[in-house]
Every structure is written in structure tokens, then in C-alpha cells.
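See below for my_file.txt, which holds compact mmCIF, C-alpha atoms and all ligand atoms.
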# COMPACT_ATOMS: atom_id res chain seq x y z
CA MET A 1 -44.52 -47.36 -13.59
CA SER A 2 -46.73 -46.80 -10.56
CA ALA A 3 -47.07 -49.71 -8.18
CA LYS A 4 -50.14 -51.76 -7.46
CA ILE A 5 -51.25 -50.80 -3.95
CA ILE A 6 -51.65 -53.85 -1.69
CA SER A 7 -54.46 -52.73 0.57
CA GLY A 8 -54.40 -54.21 4.05
CA THR A 9 -57.71 -52.48 4.74
CA GLU A 10 -59.44 -54.34 1.90
CA THR A 11 -57.71 -57.67 2.57
CA ALA A 12 -58.52 -57.48 6.29
CA LYS A 13 -62.15 -56.69 5.43
CA ALA A 14 -62.37 -59.80 3.24
CA ILE A 15 -60.83 -62.04 5.93
CA ARG A 16 -63.16 -60.59 8.58
CA GLU A 17 -66.18 -61.40 6.39
CA GLU A 18 -64.91 -65.00 6.13
CA LEU A 19 -64.39 -65.14 9.89
CA LYS A 20 -67.87 -63.78 10.58
CA VAL A 21 -69.36 -66.64 8.58
CA GLU A 22 -67.08 -69.18 10.33
CA VAL A 23 -67.99 -67.86 13.80
CA ALA A 24 -71.73 -67.99 12.97
CA GLU A 25 -71.34 -71.59 11.72
CA LEU A 26 -69.44 -72.63 14.86
CA LYS A 27 -72.30 -71.29 16.96
CA GLU A 28 -75.07 -72.78 14.83
CA LYS A 29 -73.59 -76.22 14.18
CA HIS A 30 -71.52 -76.81 17.31
CA ASP A 31 -72.80 -74.31 19.90
CA VAL A 32 -69.23 -72.97 20.17
CA VAL A 33 -68.57 -69.24 20.69
CA PRO A 34 -64.85 -68.35 20.50
CA GLY A 35 -63.73 -66.30 23.53
CA LEU A 36 -60.90 -63.77 23.81
CA VAL A 37 -59.66 -61.88 26.86
CA THR A 38 -57.39 -58.86 26.58
CA ILE A 39 -55.40 -57.83 29.64
CA LEU A 40 -54.01 -54.31 29.85
CA VAL A 41 -51.81 -53.12 32.70
CA GLY A 42 -51.67 -49.34 33.07
CA GLU A 43 -53.00 -46.42 31.04
CA ASP A 44 -50.66 -46.07 28.07
CA PRO A 45 -52.89 -44.32 25.46
CA ALA A 46 -51.53 -46.29 22.48
CA SER A 47 -52.05 -49.62 24.30
CA GLN A 48 -55.54 -48.50 25.36
CA SER A 49 -56.50 -47.80 21.76
CA TYR A 50 -55.00 -51.12 20.50
CA VAL A 51 -56.93 -53.08 23.15
CA ALA A 52 -60.16 -51.19 22.42
CA ALA A 53 -59.76 -51.92 18.69
CA LYS A 54 -59.18 -55.64 19.40
CA ASN A 55 -62.32 -55.89 21.53
CA LYS A 56 -64.41 -53.91 19.03
CA THR A 57 -63.30 -56.19 16.18
CA ALA A 58 -63.97 -59.33 18.23
CA HIS A 59 -67.44 -58.08 19.06
CA ALA A 60 -68.19 -57.26 15.41
CA LEU A 61 -67.29 -60.83 14.39
CA GLY A 62 -69.43 -62.48 17.07
CA ILE A 63 -66.44 -63.48 19.21
CA HIS A 64 -67.04 -63.28 22.97
CA SER A 65 -64.53 -60.74 24.30
CA GLU A 66 -63.59 -59.60 27.78
CA GLN A 67 -61.33 -56.67 28.57
CA VAL A 68 -59.48 -56.47 31.88
CA THR A 69 -57.69 -53.24 32.74
CA LEU A 70 -55.37 -53.39 35.72
CA ASP A 71 -53.77 -50.61 37.71
CA VAL A 72 -50.22 -49.70 36.63
CA ASP A 73 -48.98 -50.82 40.10
CA THR A 74 -50.40 -54.36 39.72
CA SER A 75 -47.84 -56.88 40.98
CA GLU A 76 -46.34 -59.56 38.75
CA GLU A 77 -47.82 -62.14 41.13
CA ASP A 78 -51.36 -60.77 40.69
CA LEU A 79 -50.99 -60.65 36.90
CA LEU A 80 -49.72 -64.25 36.85
CA ALA A 81 -52.71 -65.30 38.98
CA LEU A 82 -55.08 -63.63 36.51
CA VAL A 83 -53.43 -65.38 33.56
CA LYS A 84 -53.82 -68.69 35.41
CA LYS A 85 -57.50 -67.94 36.03
CA TYR A 86 -58.08 -67.48 32.29
CA ASN A 87 -55.96 -70.54 31.47
CA ASP A 88 -58.56 -72.49 33.48
CA ASP A 89 -61.61 -70.70 32.03
CA ALA A 90 -63.28 -72.91 29.39
CA GLN A 91 -65.17 -69.95 27.90
CA ILE A 92 -61.89 -68.25 26.97
CA ASN A 93 -59.91 -69.63 24.03
CA GLY A 94 -57.44 -66.79 23.56
CA ILE A 95 -55.48 -64.75 26.11
CA LEU A 96 -53.76 -61.56 25.01
CA VAL A 97 -51.57 -59.61 27.41
CA GLN A 98 -50.99 -56.19 25.85
CA LEU A 99 -47.30 -55.29 25.62
CA PRO A 100 -45.29 -53.45 26.77
CA LEU A 101 -45.84 -54.21 30.46
CA PRO A 102 -44.66 -51.86 33.23
CA LYS A 103 -40.95 -52.24 34.02
CA HIS A 104 -41.48 -54.04 37.36
CA ILE A 105 -43.16 -56.98 35.58
CA ASN A 106 -41.08 -59.60 33.78
CA GLU A 107 -42.69 -59.83 30.32
CA GLY A 108 -41.11 -63.18 29.49
CA LYS A 109 -42.42 -64.73 32.69
CA VAL A 110 -45.95 -63.54 31.95
CA LEU A 111 -45.93 -64.73 28.32
CA ASP A 112 -44.54 -68.10 29.47
CA ALA A 113 -47.46 -68.42 31.92
CA ILE A 114 -50.09 -68.32 29.14
CA ASP A 115 -51.34 -71.78 28.19
CA PRO A 116 -49.75 -72.35 24.72
CA THR A 117 -53.14 -73.59 23.44
CA LYS A 118 -54.55 -70.12 24.28
CA ASP A 119 -51.52 -68.11 23.10
CA VAL A 120 -53.28 -66.33 20.22
CA ASP A 121 -50.47 -63.74 19.96
CA GLY A 122 -48.07 -66.60 19.12
CA PHE A 123 -45.36 -65.35 21.51
CA HIS A 124 -45.08 -68.39 23.83
CA PRO A 125 -41.77 -70.27 23.40
CA VAL A 126 -43.72 -73.46 22.57
CA ASN A 127 -45.44 -71.74 19.64
CA VAL A 128 -42.24 -69.95 18.56
CA GLY A 129 -40.41 -73.31 18.58
CA LYS A 130 -43.17 -75.02 16.59
CA MET A 131 -43.17 -72.15 14.09
CA VAL A 132 -39.42 -72.55 13.52
CA LEU A 133 -39.88 -76.31 13.07
CA GLY A 134 -42.71 -75.70 10.60
CA GLU A 135 -45.29 -77.40 12.83
CA GLN A 136 -48.93 -76.42 13.30
CA CYS A 137 -49.11 -73.55 15.84
CA PHE A 138 -50.41 -70.04 16.41
CA LEU A 139 -48.41 -67.72 14.16
CA PRO A 140 -47.55 -64.27 15.53
CA CYS A 141 -50.16 -61.86 14.19
CA THR A 142 -48.13 -59.29 12.23
CA PRO A 143 -45.99 -61.84 10.30
CA HIS A 144 -49.12 -63.97 9.79
CA GLY A 145 -50.82 -60.89 8.31
CA ILE A 146 -47.86 -60.30 5.97
CA LEU A 147 -48.10 -63.89 4.67
CA GLU A 148 -51.82 -63.39 3.97
CA LEU A 149 -51.18 -60.08 2.19
CA LEU A 150 -48.54 -61.67 -0.05
CA THR A 151 -50.68 -64.73 -0.80
CA ARG A 152 -53.87 -62.82 -1.54
CA ALA A 153 -52.00 -60.27 -3.68
CA GLY A 154 -50.62 -63.18 -5.73
CA VAL A 155 -46.97 -62.37 -5.00
CA GLU A 156 -44.65 -65.28 -5.93
CA THR A 157 -42.28 -65.90 -3.02
CA SER A 158 -40.80 -69.25 -4.06
CA GLY A 159 -37.17 -68.64 -5.01
CA ALA A 160 -37.53 -64.89 -4.42
CA GLU A 161 -34.77 -62.83 -2.82
CA VAL A 162 -36.45 -61.42 0.29
CA VAL A 163 -34.66 -58.72 2.25
CA ILE A 164 -36.07 -58.00 5.69
CA VAL A 165 -34.92 -54.94 7.63
CA GLY A 166 -35.37 -55.28 11.41
CA ARG A 167 -34.79 -58.35 13.60
CA SER A 168 -37.35 -57.95 16.38
CA ASN A 169 -38.95 -61.00 17.99
CA ILE A 170 -42.42 -59.85 16.93
CA VAL A 171 -41.80 -59.05 13.24
CA GLY A 172 -38.32 -59.46 11.72
CA LYS A 173 -37.22 -62.84 13.12
CA PRO A 174 -40.59 -64.62 12.72
CA ILE A 175 -41.26 -63.36 9.17
CA ALA A 176 -37.73 -64.45 8.20
CA ASN A 177 -38.43 -67.92 9.58
CA LEU A 178 -41.85 -68.21 8.00
CA MET A 179 -40.75 -67.14 4.53
CA LEU A 180 -38.02 -69.74 4.41
CA GLN A 181 -40.38 -72.56 5.37
CA LYS A 182 -41.64 -75.00 2.74
CA ARG A 183 -45.13 -73.44 2.72
CA ASP A 184 -47.39 -70.96 0.93
CA ALA A 185 -45.72 -67.53 0.91
CA GLY A 186 -42.48 -69.35 1.76
CA ASN A 187 -39.57 -71.04 -0.04
CA ALA A 188 -37.78 -67.68 -0.28
CA THR A 189 -34.08 -66.87 0.10
CA ILE A 190 -33.83 -64.64 3.13
CA THR A 191 -31.49 -61.81 4.08
CA LEU A 192 -32.12 -60.22 7.49
CA CYS A 193 -30.66 -56.73 8.00
CA HIS A 194 -30.21 -54.72 11.21
CA THR A 195 -28.09 -51.89 12.61
CA ARG A 196 -24.84 -53.87 12.25
CA THR A 197 -25.46 -54.74 8.58
CA LYS A 198 -22.71 -53.50 6.29
CA ASP A 199 -23.94 -51.84 3.09
CA MET A 200 -27.68 -52.34 3.49
CA THR A 201 -28.25 -50.67 0.11
CA ALA A 202 -26.40 -53.51 -1.66
CA HIS A 203 -28.80 -56.00 -0.08
CA LEU A 204 -31.89 -53.88 -0.77
CA LYS A 205 -30.94 -53.35 -4.42
CA ARG A 206 -31.08 -57.04 -5.27
CA ALA A 207 -34.32 -57.73 -3.36
CA ASP A 208 -37.39 -59.02 -5.17
CA ILE A 209 -39.37 -58.43 -1.98
CA ILE A 210 -38.50 -55.96 0.80
CA ILE A 211 -40.09 -56.18 4.24
CA ALA A 212 -39.33 -53.12 6.36
CA ALA A 213 -39.87 -53.37 10.14
CA VAL A 214 -37.54 -50.73 11.52
CA GLY A 215 -39.38 -47.81 13.11
CA VAL A 216 -37.55 -45.04 11.22
CA ALA A 217 -39.80 -42.88 9.03
CA ASN A 218 -39.10 -42.99 5.27
CA MET A 219 -35.70 -44.65 5.81
CA ILE A 220 -35.74 -46.76 2.63
CA THR A 221 -35.51 -44.56 -0.44
CA ALA A 222 -36.16 -45.06 -4.17
CA ASP A 223 -32.45 -45.13 -5.09
CA GLN A 224 -32.01 -48.19 -2.80
CA VAL A 225 -34.52 -50.45 -4.56
CA LYS A 226 -34.71 -52.10 -7.97
CA ASP A 227 -37.48 -51.70 -10.52
CA GLY A 228 -40.35 -54.12 -9.98
CA VAL A 229 -39.70 -54.78 -6.27
CA VAL A 230 -42.60 -55.73 -3.96
CA VAL A 231 -42.56 -53.73 -0.72
CA ILE A 232 -44.26 -54.61 2.55
CA ASP A 233 -43.92 -51.66 4.93
CA VAL A 234 -44.55 -52.64 8.56
CA GLY A 235 -43.29 -49.39 10.09
CA VAL A 236 -45.68 -47.08 11.88
CA ASN A 237 -44.04 -43.75 12.64
CA ARG A 238 -45.74 -40.62 13.93
CA VAL A 239 -44.39 -37.73 11.85
CA GLY A 240 -46.77 -34.94 12.87
CA VAL A 241 -50.24 -33.97 13.97
CA SER A 242 -53.08 -32.95 11.64
CA LYS A 243 -55.19 -29.81 12.13
CA THR A 244 -57.87 -32.03 13.69
CA GLY A 245 -55.35 -33.37 16.22
CA LYS A 246 -54.90 -36.80 14.60
CA ALA A 247 -51.44 -38.33 14.33
CA ILE A 248 -49.92 -38.21 10.85
CA LEU A 249 -48.29 -41.59 10.14
CA ALA A 250 -45.49 -42.65 7.81
CA GLY A 251 -43.93 -46.02 7.12
CA ASP A 252 -40.26 -47.00 7.02
CA VAL A 253 -40.29 -46.66 3.21
CA ASP A 254 -40.46 -43.41 1.24
CA PHE A 255 -43.83 -44.39 -0.23
CA ASP A 256 -44.31 -41.60 -2.79
CA ALA A 257 -40.95 -42.15 -4.47
CA VAL A 258 -40.66 -45.94 -4.09
CA LYS A 259 -44.15 -46.57 -5.53
CA GLU A 260 -42.89 -45.18 -8.85
CA LYS A 261 -40.34 -48.03 -9.09
CA ALA A 262 -42.11 -50.87 -7.27
CA ALA A 263 -44.46 -53.47 -8.78
CA ALA A 264 -46.54 -53.50 -5.59
CA ILE A 265 -46.40 -51.75 -2.22
CA THR A 266 -48.39 -51.54 1.02
CA PRO A 267 -49.40 -48.06 2.23
CA VAL A 268 -49.09 -46.72 5.79
CA PRO A 269 -51.67 -46.46 7.21
CA GLY A 270 -53.93 -49.09 5.62
CA GLY A 271 -51.29 -51.75 4.92
CA VAL A 272 -49.99 -54.23 7.47
CA GLY A 273 -51.71 -52.52 10.43
CA PRO A 274 -55.30 -53.68 9.78
CA MET A 275 -54.03 -57.23 9.17
CA THR A 276 -52.52 -57.64 12.64
CA ILE A 277 -55.81 -57.43 14.56
CA THR A 278 -57.53 -59.56 11.94
CA MET A 279 -55.00 -62.37 12.37
CA LEU A 280 -55.53 -62.21 16.14
CA MET A 281 -59.20 -62.95 15.44
CA LYS A 282 -58.25 -65.77 13.07
CA ASN A 283 -56.02 -67.30 15.76
CA THR A 284 -58.82 -67.00 18.33
CA VAL A 285 -61.23 -68.87 16.06
CA GLN A 286 -58.53 -71.50 15.43
CA ALA A 287 -58.04 -71.84 19.22
CA ALA A 288 -61.78 -72.35 19.71
CA ARG A 289 -61.85 -75.04 17.03
CA GLN A 290 -58.90 -76.87 18.58
CA ALA A 291 -60.33 -76.62 22.11
CA ASN A 292 -63.51 -78.27 20.85
CA GLY A 293 -61.80 -80.91 18.70
CA LEU A 294 -63.11 -79.36 15.46
P1 LIG B 301 -38.00 -52.94 17.18
O1 LIG B 301 -38.19 -54.01 18.18
O2 LIG B 301 -37.76 -51.54 17.62
O3 LIG B 301 -36.82 -53.37 16.19
C1 LIG B 301 -36.36 -52.52 15.18
C2 LIG B 301 -35.37 -53.26 14.35
O4 LIG B 301 -34.91 -52.38 13.32
C3 LIG B 301 -34.14 -53.71 15.13
O5 LIG B 301 -33.78 -55.02 14.75
C4 LIG B 301 -33.06 -52.71 14.72
O6 LIG B 301 -31.77 -53.28 14.64
C5 LIG B 301 -33.50 -52.35 13.31
N1 LIG B 301 -33.06 -51.01 12.95
C6 LIG B 301 -33.31 -49.85 13.60
N2 LIG B 301 -32.73 -48.82 12.95
C7 LIG B 301 -32.08 -49.36 11.90
C8 LIG B 301 -31.27 -48.80 10.87
N3 LIG B 301 -31.03 -47.50 10.79
N4 LIG B 301 -30.75 -49.64 9.95
C9 LIG B 301 -30.99 -50.98 10.00
N5 LIG B 301 -31.76 -51.56 10.95
C10 LIG B 301 -32.28 -50.74 11.90
O7 LIG B 301 -39.21 -52.83 16.15
P2 LIG B 301 -40.54 -53.69 15.87
O8 LIG B 301 -41.29 -53.88 17.13
O9 LIG B 301 -40.24 -54.84 14.98
O10 LIG B 301 -41.31 -52.59 15.01
C11 LIG B 301 -40.78 -52.03 13.84
C12 LIG B 301 -41.76 -51.04 13.25
O11 LIG B 301 -42.94 -51.76 12.89
C13 LIG B 301 -42.23 -49.95 14.21
O12 LIG B 301 -42.48 -48.78 13.49
C14 LIG B 301 -43.52 -50.50 14.77
O13 LIG B 301 -44.40 -49.47 15.20
C15 LIG B 301 -44.05 -51.21 13.57
N6 LIG B 301 -44.98 -52.31 13.87
C16 LIG B 301 -46.16 -52.32 13.21
C17 LIG B 301 -47.04 -53.36 13.43
C18 LIG B 301 -48.34 -53.35 12.67
O14 LIG B 301 -49.23 -54.10 13.01
N7 LIG B 301 -48.45 -52.56 11.62
C19 LIG B 301 -46.74 -54.39 14.31
C20 LIG B 301 -45.50 -54.37 14.95
C21 LIG B 301 -44.62 -53.33 14.71
P3 LIG B 301 -30.95 -53.82 15.95
O15 LIG B 301 -31.59 -55.13 16.30
O16 LIG B 301 -29.57 -53.96 15.44
O17 LIG B 301 -31.14 -52.77 16.99
Before we go any further, please render this structure as C-alpha cells.
Amino acid sequence: MSAKIISGTETAKAIREELKVEVAELKEKHDVVPGLVTILVGEDPASQSYVAAKNKTAHALGIHSEQVTLDVDTSEEDLLALVKKYNDDAQINGILVQLPLPKHINEGKVLDAIDPTKDVDGFHPVNVGKMVLGEQCFLPCTPHGILELLTRAGVETSGAEVVIVGRSNIVGKPIANLMLQKRDAGNATITLCHTRTKDMTAHLKRADIIIAAVGVANMITADQVKDGVVVIDVGVNRVGVSKTGKAILAGDVDFDAVKEKAAAITPVPGGVGPMTITMLMKNTVQAARQANGL
């Protein structure tokens, strides 16, 4: 059996088309243009390319986007003042501070300073708390994207044994919380694995759905999974450089071997990655609606 490929590229494209229509309608019917600001501190090349991609996508959807790039030596005080300025700016509905920040800046303090109603990354403690309680909030973009992939691929999660590997605040913990909620793509039985987990293979082998968010290339192998499993591979690992100088990427799952046993699997690249930016756009449109009472 060769797995159905769950394409994040195609799913993201479909959601972006829907968003484009929604943004055009907001403008036409309500004179509302959603606004997003991205704030980057320093010159980390990966962060620069993520921020550029976010602004390009926003622009393509008709979302007003501003990009602020600050010197790597910017003080925490100056960054906090900038966040406050955008908190008070009615044209801006979403504020994204690109992580990681330089070591001299307290990330938690900066994320806490973002107005929760503009926290389109879903990292503010108010939104995290609401997410855990199952209340309406901005969902963090990567887990939100995973939910959309599962829903649109028609994967049944209710009652499913879901094994998540990785317990980060941005992927593992939130997706675990979301999939146990009484909601679409929820109602699952969750096991959350990490470096202290004893016998991870035993957990993986009984999983109906595996979500890998580890950061170790090809770590999960075919002999660790059961036939018919659904695999969502969040990992993005650079494993080489092509002749043209482009990074060669691999996920956390041994794709070629596992796809022969799985019912469905996301590729890397072209799986979860394209969904993350798309869900940021969805959150920004949601923020604009809420700010305008729509
Ligand atoms: P992270 O903060 O580095 O956390 C990694 C998690 O994996 C930790 O909980 C760690 O356990 C666990 N882990 C590491 N090695 C392990 C092992 N050998 N066995 C079991 N568990 C192990 O990672 P992250 O930020 O969640 O990112 C994970 C991966 O997803 C990375 O490749 C990242 O680039 C990718 N990612 C992709 C997107 C996207 O949009 N596609 C978004 C976010 C992240 P401990 O807690 O015990 O240390």
C-alpha cells in the first residue's frame, strides 16, 4: 500500500483562495482592510526569509502589511515601545514578533506585551489559556494548520489514538491540547512523547495518527508504525545542499519507507510548512473582523 499524500501546498492554496475572497468582501461591504505588522530584530537569514514570505503572502491576499526590521542591538525597552505603538494603531489588527529574539531580550516579556486581541501568532498567555479551556481565541499557527490538514483530508480523529512526539510550546503542547478538545479534529486520545519517554516505539506502534515535531531528520522509521497510520510530519531538517545551492530538507519521519505502510502522510517540504503562514493570514482576517465587530 502506498499512502495518500496530504498536500499542505494544495490545502494552503485552497484556504488562501477563500481568504482572498473574504478580504475582498470585507473591503467592499465594510471598508475594512486587515492589517498585519511583522517585527524582526537582527539579520538571521532564516528569520528574514520567514518574515519576507509572511509579508508577500499578506500582500497577495489584499492584507495591508508592514515590515519593521530592527538592529540586532535594539534594546528590550525600544522593542516594547514599538509593540505598544502597534497595539494602539487601529490600522493594524495583527502583530507578529519573529522569534527567536536576540539573547538580551526577554521573549516572554515581549510576547506578553502584545495586545491579546492582536496576537495572531496565538502565543500570548491569554490566548494559550483560552485555547486550553476550549474558548474562542487565536490558535497558534502550526497546530491550527495541522487541524485544517486533518479536517480537509477527511481524517477521523474522534476516538483515535494520537501519538505526538515533541512537547514544545509552539507545536507539541498546543496540538495535544487541541486534539483532545470536544471540537472538529478533536476528541482524540492523546499520548505526548519526548526525550524522557520510555519505549517510544511501543507508543508509536499503536498510534492511529502520529504527529512528529522533533527536529531530528528521519527519526521515525517504518518498523515503528502500524499499517494504515496517518502521519503528520512537522519536522523541517536541513540534510544537505543541492547543486544549485538550495537546502535539501527532510522531515522527522522516514518518508519513503513509512509511506509504504501509512494510509496518509504529509511530505516535507510541502506539508505542514505552507499551512503555518496561511493560518497566520486566517488569524489576521479573524482579528480584523473582531476589531470591527463583524
Ligand atoms: P523544539 O522546541 O526543539 O522541541 C523538540 C521536541 O522534541 C522536544 O520536546 C524534545 O524533547 C523532543 N525530542 C527531541 N529529540 C527527541 C528524541 N530523540 N526522542 C523523543 N523526543 C525528542 O522543536 P519545535 O520548535 O517544536 O520544532 C520541531 C520541528 O518542527 C523542527 O524541525 C522545526 O523546524 C519544525 N517546525 C516546523 C514548523 C512548520 O511550520 N513546518 C513550525 C514549527 C516547527 P524534550 O522536551 O524532552 O527536550
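Near ligand LIG 301 (chain B), at distances of 7 Å or less and with all atoms listed in the file counted, sit the residues Thr142, Val165, Gly166, Arg167, Ser168, Asn169, Ile170, Val171, Gly172, Cys193, His194, Thr195, Arg196, Thr197, Ala213, Val214, Gly215, Val216, Val234, Gly235, Val236, Asn237, Val272, Gly273, Pro274, Met275 and Thr276 of chain A.
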Proximity to Val253 of chain A - best of A:Leu99, A:Leu19, A:Val231, A:Leu36, all atoms listed in the file: A:Val231
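The interatomic distance for the pair atom CA of Gly270 of chain A and atom CA of Gly8 of chain A works out to 5.4 Å.
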Spatial neighbours of Asn87 of chain A, 10 Å, all atoms listed in the file, chain gap at least 6 places, as JSON, numbers by chain: {"A": [81, 93, 94, 95, 113, 114, 115, 116, 117, 118, 119]}
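Reported to one decimal place, the separation of atom CA of Cys137 of chain A from atom CA of Leu61 of chain A is 22.2 Å.
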Will you model N, CA and C atoms for segment 122-155 of chain A and pass it back as a PDB file, keeping the file's coordinate frame?
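Now in selection_37.pdb:
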ATOM      1  N   GLY A 122     -49.156 -65.783  19.677  1.00  0.00           N
ATOM      2  CA  GLY A 122     -48.070 -66.600  19.120  1.00  0.00           C
ATOM      3  C   GLY A 122     -46.698 -66.255  19.682  1.00  0.00           C
ATOM      4  N   PHE A 123     -46.637 -65.756  20.923  1.00  0.00           N
ATOM      5  CA  PHE A 123     -45.360 -65.350  21.510  1.00  0.00           C
ATOM      6  C   PHE A 123     -44.788 -66.373  22.495  1.00  0.00           C
ATOM      7  N   HIS A 124     -45.583 -67.405  22.870  1.00  0.00           N
ATOM      8  CA  HIS A 124     -45.080 -68.390  23.830  1.00  0.00           C
ATOM      9  C   HIS A 124     -43.960 -69.208  23.192  1.00  0.00           C
ATOM     10  N   PRO A 125     -42.897 -69.515  23.968  1.00  0.00           N
ATOM     11  CA  PRO A 125     -41.770 -70.270  23.400  1.00  0.00           C
ATOM     12  C   PRO A 125     -42.194 -71.579  22.717  1.00  0.00           C
ATOM     13  N   VAL A 126     -43.249 -72.212  23.208  1.00  0.00           N
ATOM     14  CA  VAL A 126     -43.720 -73.460  22.570  1.00  0.00           C
ATOM     15  C   VAL A 126     -44.189 -73.159  21.137  1.00  0.00           C
ATOM     16  N   ASN A 127     -44.955 -72.083  20.982  1.00  0.00           N
ATOM     17  CA  ASN A 127     -45.440 -71.740  19.640  1.00  0.00           C
ATOM     18  C   ASN A 127     -44.309 -71.220  18.752  1.00  0.00           C
ATOM     19  N   VAL A 128     -43.384 -70.448  19.341  1.00  0.00           N
ATOM     20  CA  VAL A 128     -42.240 -69.950  18.560  1.00  0.00           C
ATOM     21  C   VAL A 128     -41.413 -71.145  18.059  1.00  0.00           C
ATOM     22  N   GLY A 129     -41.184 -72.118  18.951  1.00  0.00           N
ATOM     23  CA  GLY A 129     -40.410 -73.310  18.580  1.00  0.00           C
ATOM     24  C   GLY A 129     -41.104 -74.097  17.470  1.00  0.00           C
ATOM     25  N   LYS A 130     -42.420 -74.279  17.611  1.00  0.00           N
ATOM     26  CA  LYS A 130     -43.170 -75.020  16.590  1.00  0.00           C
ATOM     27  C   LYS A 130     -43.133 -74.271  15.257  1.00  0.00           C
ATOM     28  N   MET A 131     -43.214 -72.937  15.339  1.00  0.00           N
ATOM     29  CA  MET A 131     -43.170 -72.150  14.090  1.00  0.00           C
ATOM     30  C   MET A 131     -41.840 -72.387  13.370  1.00  0.00           C
ATOM     31  N   VAL A 132     -40.745 -72.361  14.133  1.00  0.00           N
ATOM     32  CA  VAL A 132     -39.420 -72.550  13.520  1.00  0.00           C
ATOM     33  C   VAL A 132     -39.307 -73.953  12.911  1.00  0.00           C
ATOM     34  N   LEU A 133     -39.929 -74.934  13.568  1.00  0.00           N
ATOM     35  CA  LEU A 133     -39.880 -76.310  13.070  1.00  0.00           C
ATOM     36  C   LEU A 133     -40.893 -76.551  11.932  1.00  0.00           C
ATOM     37  N   GLY A 134     -41.714 -75.556  11.677  1.00  0.00           N
ATOM     38  CA  GLY A 134     -42.710 -75.700  10.600  1.00  0.00           C
ATOM     39  C   GLY A 134     -43.907 -76.532  11.022  1.00  0.00           C
ATOM     40  N   GLU A 135     -44.144 -76.615  12.338  1.00  0.00           N
ATOM     41  CA  GLU A 135     -45.290 -77.400  12.830  1.00  0.00           C
ATOM     42  C   GLU A 135     -46.514 -76.503  12.997  1.00  0.00           C
ATOM     43  N   GLN A 136     -47.672 -77.135  13.087  1.00  0.00           N
ATOM     44  CA  GLN A 136     -48.930 -76.420  13.300  1.00  0.00           C
ATOM     45  C   GLN A 136     -48.867 -75.662  14.631  1.00  0.00           C
ATOM     46  N   CYS A 137     -49.164 -74.363  14.614  1.00  0.00           N
ATOM     47  CA  CYS A 137     -49.110 -73.550  15.840  1.00  0.00           C
ATOM     48  C   CYS A 137     -49.831 -72.223  15.583  1.00  0.00           C
ATOM     49  N   PHE A 138     -49.898 -71.386  16.622  1.00  0.00           N
ATOM     50  CA  PHE A 138     -50.410 -70.040  16.410  1.00  0.00           C
ATOM     51  C   PHE A 138     -49.269 -69.181  15.873  1.00  0.00           C
ATOM     52  N   LEU A 139     -49.460 -68.584  14.711  1.00  0.00           N
ATOM     53  CA  LEU A 139     -48.410 -67.720  14.160  1.00  0.00           C
ATOM     54  C   LEU A 139     -48.565 -66.325  14.747  1.00  0.00           C
ATOM     55  N   PRO A 140     -47.444 -65.647  15.022  1.00  0.00           N
ATOM     56  CA  PRO A 140     -47.550 -64.270  15.530  1.00  0.00           C
ATOM     57  C   PRO A 140     -48.295 -63.394  14.512  1.00  0.00           C
ATOM     58  N   CYS A 141     -49.128 -62.493  15.034  1.00  0.00           N
ATOM     59  CA  CYS A 141     -50.160 -61.860  14.190  1.00  0.00           C
ATOM     60  C   CYS A 141     -49.624 -60.990  13.052  1.00  0.00           C
ATOM     61  N   THR A 142     -48.598 -60.176  13.314  1.00  0.00           N
ATOM     62  CA  THR A 142     -48.130 -59.290  12.230  1.00  0.00           C
ATOM     63  C   THR A 142     -47.473 -60.099  11.096  1.00  0.00           C
ATOM     64  N   PRO A 143     -46.535 -61.022  11.389  1.00  0.00           N
ATOM     65  CA  PRO A 143     -45.990 -61.840  10.300  1.00  0.00           C
ATOM     66  C   PRO A 143     -47.067 -62.683   9.594  1.00  0.00           C
ATOM     67  N   HIS A 144     -48.019 -63.199  10.373  1.00  0.00           N
ATOM     68  CA  HIS A 144     -49.120 -63.970   9.790  1.00  0.00           C
ATOM     69  C   HIS A 144     -49.893 -63.081   8.800  1.00  0.00           C
ATOM     70  N   GLY A 145     -50.121 -61.844   9.179  1.00  0.00           N
ATOM     71  CA  GLY A 145     -50.820 -60.890   8.310  1.00  0.00           C
ATOM     72  C   GLY A 145     -50.021 -60.613   7.036  1.00  0.00           C
ATOM     73  N   ILE A 146     -48.706 -60.537   7.155  1.00  0.00           N
ATOM     74  CA  ILE A 146     -47.860 -60.300   5.970  1.00  0.00           C
ATOM     75  C   ILE A 146     -47.979 -61.475   5.001  1.00  0.00           C
ATOM     76  N   LEU A 147     -47.963 -62.701   5.532  1.00  0.00           N
ATOM     77  CA  LEU A 147     -48.100 -63.890   4.670  1.00  0.00           C
ATOM     78  C   LEU A 147     -49.422 -63.834   3.901  1.00  0.00           C
ATOM     79  N   GLU A 148     -50.494 -63.473   4.618  1.00  0.00           N
ATOM     80  CA  GLU A 148     -51.820 -63.390   3.970  1.00  0.00           C
ATOM     81  C   GLU A 148     -51.834 -62.308   2.894  1.00  0.00           C
ATOM     82  N   LEU A 149     -51.212 -61.170   3.190  1.00  0.00           N
ATOM     83  CA  LEU A 149     -51.180 -60.080   2.190  1.00  0.00           C
ATOM     84  C   LEU A 149     -50.470 -60.536   0.929  1.00  0.00           C
ATOM     85  N   LEU A 150     -49.320 -61.211   1.110  1.00  0.00           N
ATOM     86  CA  LEU A 150     -48.540 -61.670  -0.050  1.00  0.00           C
ATOM     87  C   LEU A 150     -49.337 -62.699  -0.845  1.00  0.00           C
ATOM     88  N   THR A 151     -49.943 -63.659  -0.127  1.00  0.00           N
ATOM     89  CA  THR A 151     -50.680 -64.730  -0.800  1.00  0.00           C
ATOM     90  C   THR A 151     -51.861 -64.167  -1.576  1.00  0.00           C
ATOM     91  N   ARG A 152     -52.644 -63.327  -0.896  1.00  0.00           N
ATOM     92  CA  ARG A 152     -53.870 -62.820  -1.540  1.00  0.00           C
ATOM     93  C   ARG A 152     -53.576 -61.813  -2.639  1.00  0.00           C
ATOM     94  N   ALA A 153     -52.373 -61.192  -2.593  1.00  0.00           N
ATOM     95  CA  ALA A 153     -52.000 -60.270  -3.680  1.00  0.00           C
ATOM     96  C   ALA A 153     -51.344 -61.036  -4.825  1.00  0.00           C
ATOM     97  N   GLY A 154     -51.186 -62.360  -4.657  1.00  0.00           N
ATOM     98  CA  GLY A 154     -50.620 -63.180  -5.730  1.00  0.00           C
ATOM     99  C   GLY A 154     -49.133 -62.975  -5.930  1.00  0.00           C
ATOM    100  N   VAL A 155     -48.418 -62.595  -4.881  1.00  0.00           N
ATOM    101  CA  VAL A 155     -46.970 -62.370  -5.000  1.00  0.00           C
ATOM    102  C   VAL A 155     -46.244 -63.724  -4.918  1.00  0.00           C
TER     103      VAL A 155
END
